[in-house]
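> Dumping the structure here so I can ask a few things about it.
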Amino acid sequence: MVGTKTVEVTCEKCNKMYEAEAIDHIDLHDDRSLIRNLKSGKANRVQCPKCKKVMYLKRSIVINFEPESKIVVFDASAKTKAAKEELQKTFASVVAFNETLEETGNETEFIVLHDLASLKRLLEQYLKVYD
Ligand SMILES: [Zn+2]
C-alpha cells in the first residue's frame with residue numbers, strides 16, 4: 001500500500017502555492033509500478049498548475065522491502081552521519097510506541113540512504129529475487 005500525504009508546495013519558478021500528494025511510504029511487494037520511479041529518483045514528482053514547472057519534492061520516503069525484513073528510508077538530504085542517526089532515532093521511537101512494530105521492529109534491518117545509486121542497487125537486488 002502506498003501511503004501518501006497532502007503537502008503544500010511552493011513553485012520555485014512562479015511562487016504559486018499549491019497542494020500535492022506526496023509519497024511517504026511504499027511497500028515494494030504491492031507497489032511494483034513505483035519501483036521504476038524510485039530508481040530514477042522521481043517518486044515525488046509534482047507539477048505547478050499555473051506555470052507547469054515540474055519539481056521533485058525533497059522528502060524522505062519509507063520503503064518496505066517485504067517479504068525481507070528490511071526497511072529503507074531514502075532521504076536525499078540525509079547526507080551526514082548526524083542526519084542519518086536522527087532518522088534512525090525517529091524510527092526507534094516510532095517502534096517503541098507501537099506494540100506490533102515493537103515485535104517485528106527488533107528483527108527488522110533499518111537502513112537510511114541518501115544516494116540514489118545505493119537505493120538503485122538494493123531495488124535491483126530485490127527485483128532479481130522477487131520479480
Ligand atoms: Zn509555477
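Ordering of the C-alpha cells sets the chain letters (A, B, ...); residue numbers start at 1 within each chain; ligands are numbered from 1 in the order shown.
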Give me, as JSON, numbers by chain, the set of residues whose atoms come within 12 Å of any atom of ligand 1, counting only C-alpha atoms and all ligand atoms.
{"A": [9, 10, 11, 12, 13, 14, 15, 16, 17, 18, 46, 47, 48, 49, 50, 51, 52, 53, 54, 55]}
> Give me a file of those residues, with C-alpha atoms, as a PDB file, in the first residue's frame.

ATOM      1  CA  VAL A   9       4.312  23.116  -2.347  1.00  0.00           C
ATOM      2  CA  THR A  10       5.642  26.484  -3.386  1.00  0.00           C
ATOM      3  CA  CYS A  11       6.573  26.634  -7.039  1.00  0.00           C
ATOM      4  CA  GLU A  12      10.226  27.535  -7.400  1.00  0.00           C
ATOM      5  CA  LYS A  13       9.538  29.310 -10.673  1.00  0.00           C
ATOM      6  CA  CYS A  14       6.373  31.398 -10.173  1.00  0.00           C
ATOM      7  CA  ASN A  15       5.981  31.104  -6.369  1.00  0.00           C
ATOM      8  CA  LYS A  16       2.439  29.813  -6.587  1.00  0.00           C
ATOM      9  CA  MET A  17       1.428  27.697  -3.596  1.00  0.00           C
ATOM     10  CA  TYR A  18      -0.462  24.526  -4.343  1.00  0.00           C
ATOM     11  CA  VAL A  46       4.796  17.433  -8.660  1.00  0.00           C
ATOM     12  CA  GLN A  47       3.747  19.961 -11.258  1.00  0.00           C
ATOM     13  CA  CYS A  48       2.699  23.560 -10.795  1.00  0.00           C
ATOM     14  CA  PRO A  49      -0.887  24.036 -12.037  1.00  0.00           C
ATOM     15  CA  LYS A  50      -0.105  27.593 -13.087  1.00  0.00           C
ATOM     16  CA  CYS A  51       3.210  27.557 -14.949  1.00  0.00           C
ATOM     17  CA  LYS A  52       3.590  23.749 -15.342  1.00  0.00           C
ATOM     18  CA  LYS A  53       7.006  23.724 -13.715  1.00  0.00           C
ATOM     19  CA  VAL A  54       7.911  20.194 -12.615  1.00  0.00           C
ATOM     20  CA  MET A  55       9.661  19.720  -9.285  1.00  0.00           C
TER      21      MET A  55
END
> Could you find all residues in range 2-129 of chain A that DSSP calls strand (DSSP E) from the backbone, and write them as number ranges by chain?
A: 3-10, 17-27, 45-47, 54-56, 61-64, 70-74, 109-113
> Excluding Leu119 in chain A and residues on its chain fewer than 2 positions from it, collect all residues at most 12 Å away from it, counting only C-alpha atoms, and give them as a PDB file with C-alpha atoms, in the first residue's frame.

ATOM      1  CA  ILE A  35       9.966   0.883  -8.443  1.00  0.00           C
ATOM      2  CA  ARG A  36      10.936   2.457 -11.735  1.00  0.00           C
ATOM      3  CA  ASN A  37      10.194   5.952 -10.401  1.00  0.00           C
ATOM      4  CA  LEU A  38      12.129   5.218  -7.247  1.00  0.00           C
ATOM      5  CA  LYS A  39      15.132   4.087  -9.264  1.00  0.00           C
ATOM      6  CA  SER A  40      15.205   7.264 -11.273  1.00  0.00           C
ATOM      7  CA  GLY A  41      14.690   9.434  -8.208  1.00  0.00           C
ATOM      8  CA  ILE A  61      10.323   8.025   1.651  1.00  0.00           C
ATOM      9  CA  VAL A  62       9.994   4.909   3.762  1.00  0.00           C
ATOM     10  CA  ILE A  63      10.412   1.809   1.607  1.00  0.00           C
ATOM     11  CA  PHE A  65      11.277  -4.379   1.263  1.00  0.00           C
ATOM     12  CA  ILE A  71      13.081  -1.021   5.790  1.00  0.00           C
ATOM     13  CA  VAL A  72      14.926   1.680   3.906  1.00  0.00           C
ATOM     14  CA  VAL A  73      14.428   5.363   4.467  1.00  0.00           C
ATOM     15  CA  PHE A  74      15.536   7.223   1.389  1.00  0.00           C
ATOM     16  CA  ASP A  75      16.255  10.864   2.044  1.00  0.00           C
ATOM     17  CA  ALA A  76      18.446  12.732  -0.412  1.00  0.00           C
ATOM     18  CA  ILE A 111      18.786   1.466   6.659  1.00  0.00           C
ATOM     19  CA  VAL A 112      18.984   5.193   5.937  1.00  0.00           C
ATOM     20  CA  LEU A 113      20.190   6.074   2.457  1.00  0.00           C
ATOM     21  CA  HIS A 114      20.770   9.390   0.786  1.00  0.00           C
ATOM     22  CA  ASP A 115      22.329   8.410  -2.512  1.00  0.00           C
ATOM     23  CA  LEU A 116      20.284   7.144  -5.388  1.00  0.00           C
ATOM     24  CA  ALA A 117      22.964   4.721  -6.598  1.00  0.00           C
ATOM     25  CA  ARG A 121      21.359  -1.336  -6.176  1.00  0.00           C
ATOM     26  CA  LEU A 122      19.013  -2.530  -3.419  1.00  0.00           C
ATOM     27  CA  LEU A 123      15.968  -2.276  -5.684  1.00  0.00           C
ATOM     28  CA  GLU A 124      17.702  -4.256  -8.422  1.00  0.00           C
ATOM     29  CA  GLN A 125      18.683  -6.969  -5.960  1.00  0.00           C
ATOM     30  CA  TYR A 126      15.102  -7.095  -4.758  1.00  0.00           C
TER      31      TYR A 126
END
> What lies within 7 Å of Thr6 in chain A using only C-alpha atoms, ignoring chain neighbours under 4 positions off, as a ChimeraX atom specification?
/A:19-22
> With N, CA and C atoms retained, export the selected residues as a PDB file, in the first residue's frame.

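Saved as part.pdb:
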ATOM      1  N   GLU A  19      -1.366  22.453  -3.517  1.00  0.00           N
ATOM      2  CA  GLU A  19      -1.319  21.208  -2.758  1.00  0.00           C
ATOM      3  C   GLU A  19      -0.997  20.042  -3.680  1.00  0.00           C
ATOM      4  N   ALA A  20      -0.225  19.098  -3.159  1.00  0.00           N
ATOM      5  CA  ALA A  20       0.120  17.922  -3.946  1.00  0.00           C
ATOM      6  C   ALA A  20       0.147  16.709  -3.034  1.00  0.00           C
ATOM      7  N   GLU A  21      -0.012  15.529  -3.641  1.00  0.00           N
ATOM      8  CA  GLU A  21       0.067  14.284  -2.882  1.00  0.00           C
ATOM      9  C   GLU A  21       1.517  13.814  -2.884  1.00  0.00           C
ATOM     10  N   ALA A  22       2.103  13.748  -1.721  1.00  0.00           N
ATOM     11  CA  ALA A  22       3.474  13.279  -1.625  1.00  0.00           C
ATOM     12  C   ALA A  22       3.477  11.851  -1.102  1.00  0.00           C
TER      13      ALA A  22
END
> Can you tell me, as a PDB file with N, CA and C atoms, in the first residue's frame, which residues in range 48-117 of chain A count as alpha helix (DSSP H) by DSSP?

ATOM      1  N   LYS A  81      26.312  11.916   8.804  1.00  0.00           N
ATOM      2  CA  LYS A  81      26.114  10.840   9.755  1.00  0.00           C
ATOM      3  C   LYS A  81      25.051  11.260  10.790  1.00  0.00           C
ATOM      4  N   ALA A  82      25.106  12.523  11.209  1.00  0.00           N
ATOM      5  CA  ALA A  82      24.163  13.034  12.206  1.00  0.00           C
ATOM      6  C   ALA A  82      22.724  12.979  11.682  1.00  0.00           C
ATOM      7  N   ALA A  83      22.548  13.362  10.433  1.00  0.00           N
ATOM      8  CA  ALA A  83      21.205  13.346   9.847  1.00  0.00           C
ATOM      9  C   ALA A  83      20.680  11.915   9.774  1.00  0.00           C
ATOM     10  N   LYS A  84      21.558  10.974   9.436  1.00  0.00           N
ATOM     11  CA  LYS A  84      21.159   9.568   9.364  1.00  0.00           C
ATOM     12  C   LYS A  84      20.779   9.044  10.747  1.00  0.00           C
ATOM     13  N   GLU A  85      21.582   9.436  11.745  1.00  0.00           N
ATOM     14  CA  GLU A  85      21.306   8.983  13.115  1.00  0.00           C
ATOM     15  C   GLU A  85      19.976   9.535  13.612  1.00  0.00           C
ATOM     16  N   GLU A  86      19.663  10.759  13.188  1.00  0.00           N
ATOM     17  CA  GLU A  86      18.402  11.384  13.570  1.00  0.00           C
ATOM     18  C   GLU A  86      17.219  10.550  13.044  1.00  0.00           C
ATOM     19  N   LEU A  87      17.321  10.119  11.802  1.00  0.00           N
ATOM     20  CA  LEU A  87      16.259   9.293  11.212  1.00  0.00           C
ATOM     21  C   LEU A  87      16.177   7.922  11.884  1.00  0.00           C
ATOM     22  N   GLN A  88      17.345   7.374  12.233  1.00  0.00           N
ATOM     23  CA  GLN A  88      17.381   6.104  12.958  1.00  0.00           C
ATOM     24  C   GLN A  88      16.631   6.231  14.284  1.00  0.00           C
ATOM     25  N   LYS A  89      16.890   7.345  14.962  1.00  0.00           N
ATOM     26  CA  LYS A  89      16.261   7.589  16.263  1.00  0.00           C
ATOM     27  C   LYS A  89      14.752   7.708  16.116  1.00  0.00           C
ATOM     28  N   THR A  90      14.312   8.432  15.071  1.00  0.00           N
ATOM     29  CA  THR A  90      12.887   8.576  14.813  1.00  0.00           C
ATOM     30  C   THR A  90      12.258   7.207  14.647  1.00  0.00           C
ATOM     31  N   PHE A  91      12.930   6.354  13.894  1.00  0.00           N
ATOM     32  CA  PHE A  91      12.414   5.001  13.681  1.00  0.00           C
ATOM     33  C   PHE A  91      12.321   4.252  15.009  1.00  0.00           C
ATOM     34  N   ALA A  92      13.369   4.346  15.800  1.00  0.00           N
ATOM     35  CA  ALA A  92      13.400   3.652  17.093  1.00  0.00           C
ATOM     36  C   ALA A  92      12.252   4.120  17.988  1.00  0.00           C
ATOM     37  N   SER A  93      11.953   5.424  17.983  1.00  0.00           N
ATOM     38  CA  SER A  93      10.891   5.911  18.868  1.00  0.00           C
ATOM     39  C   SER A  93       9.516   5.526  18.340  1.00  0.00           C
ATOM     40  N   VAL A  94       9.358   5.477  17.019  1.00  0.00           N
ATOM     41  CA  VAL A  94       8.082   5.023  16.453  1.00  0.00           C
ATOM     42  C   VAL A  94       7.847   3.571  16.846  1.00  0.00           C
ATOM     43  N   VAL A  95       8.909   2.770  16.743  1.00  0.00           N
ATOM     44  CA  VAL A  95       8.819   1.352  17.085  1.00  0.00           C
ATOM     45  C   VAL A  95       8.456   1.168  18.558  1.00  0.00           C
ATOM     46  N   ALA A  96       9.061   1.986  19.411  1.00  0.00           N
ATOM     47  CA  ALA A  96       8.842   1.853  20.846  1.00  0.00           C
ATOM     48  C   ALA A  96       7.386   2.116  21.233  1.00  0.00           C
ATOM     49  N   PHE A  97       6.694   2.954  20.464  1.00  0.00           N
ATOM     50  CA  PHE A  97       5.323   3.314  20.808  1.00  0.00           C
ATOM     51  C   PHE A  97       4.277   2.419  20.156  1.00  0.00           C
ATOM     52  N   GLU A  99       3.107  -1.434  19.548  1.00  0.00           N
ATOM     53  CA  GLU A  99       3.338  -2.802  20.020  1.00  0.00           C
ATOM     54  C   GLU A  99       3.612  -3.802  18.900  1.00  0.00           C
ATOM     55  N   THR A 100       2.843  -3.695  17.815  1.00  0.00           N
ATOM     56  CA  THR A 100       3.058  -4.636  16.706  1.00  0.00           C
ATOM     57  C   THR A 100       4.433  -4.417  16.096  1.00  0.00           C
ATOM     58  N   LEU A 101       4.767  -3.154  15.930  1.00  0.00           N
ATOM     59  CA  LEU A 101       6.069  -2.842  15.350  1.00  0.00           C
ATOM     60  C   LEU A 101       7.198  -3.234  16.288  1.00  0.00           C
ATOM     61  N   GLU A 102       6.938  -3.120  17.568  1.00  0.00           N
ATOM     62  CA  GLU A 102       7.988  -3.430  18.523  1.00  0.00           C
ATOM     63  C   GLU A 102       8.423  -4.883  18.378  1.00  0.00           C
ATOM     64  N   GLU A 103       7.442  -5.752  18.130  1.00  0.00           N
ATOM     65  CA  GLU A 103       7.775  -7.159  17.935  1.00  0.00           C
ATOM     66  C   GLU A 103       8.605  -7.395  16.684  1.00  0.00           C
ATOM     67  N   THR A 104       8.141  -6.820  15.569  1.00  0.00           N
ATOM     68  CA  THR A 104       8.868  -7.023  14.317  1.00  0.00           C
ATOM     69  C   THR A 104      10.057  -6.075  14.199  1.00  0.00           C
ATOM     70  N   GLY A 105       9.926  -4.918  14.820  1.00  0.00           N
ATOM     71  CA  GLY A 105      10.955  -3.884  14.686  1.00  0.00           C
ATOM     72  C   GLY A 105      12.331  -4.335  15.103  1.00  0.00           C
ATOM     73  N   LEU A 116      21.162   7.891  -4.497  1.00  0.00           N
ATOM     74  CA  LEU A 116      20.284   7.144  -5.388  1.00  0.00           C
ATOM     75  C   LEU A 116      20.942   5.868  -5.889  1.00  0.00           C
ATOM     76  N   ALA A 117      22.262   5.894  -6.074  1.00  0.00           N
ATOM     77  CA  ALA A 117      22.964   4.721  -6.598  1.00  0.00           C
ATOM     78  C   ALA A 117      22.799   3.528  -5.659  1.00  0.00           C
TER      79      ALA A 117
END
> Would you please work out which residue, of A:Leu57, A:His29, A:Glu8, A:Asn64, is nearest to Ser77 in chain A when using only C-alpha atoms?
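Residue with the minimum atom-to-atom distance to Ser77 in chain A: A:Leu57.
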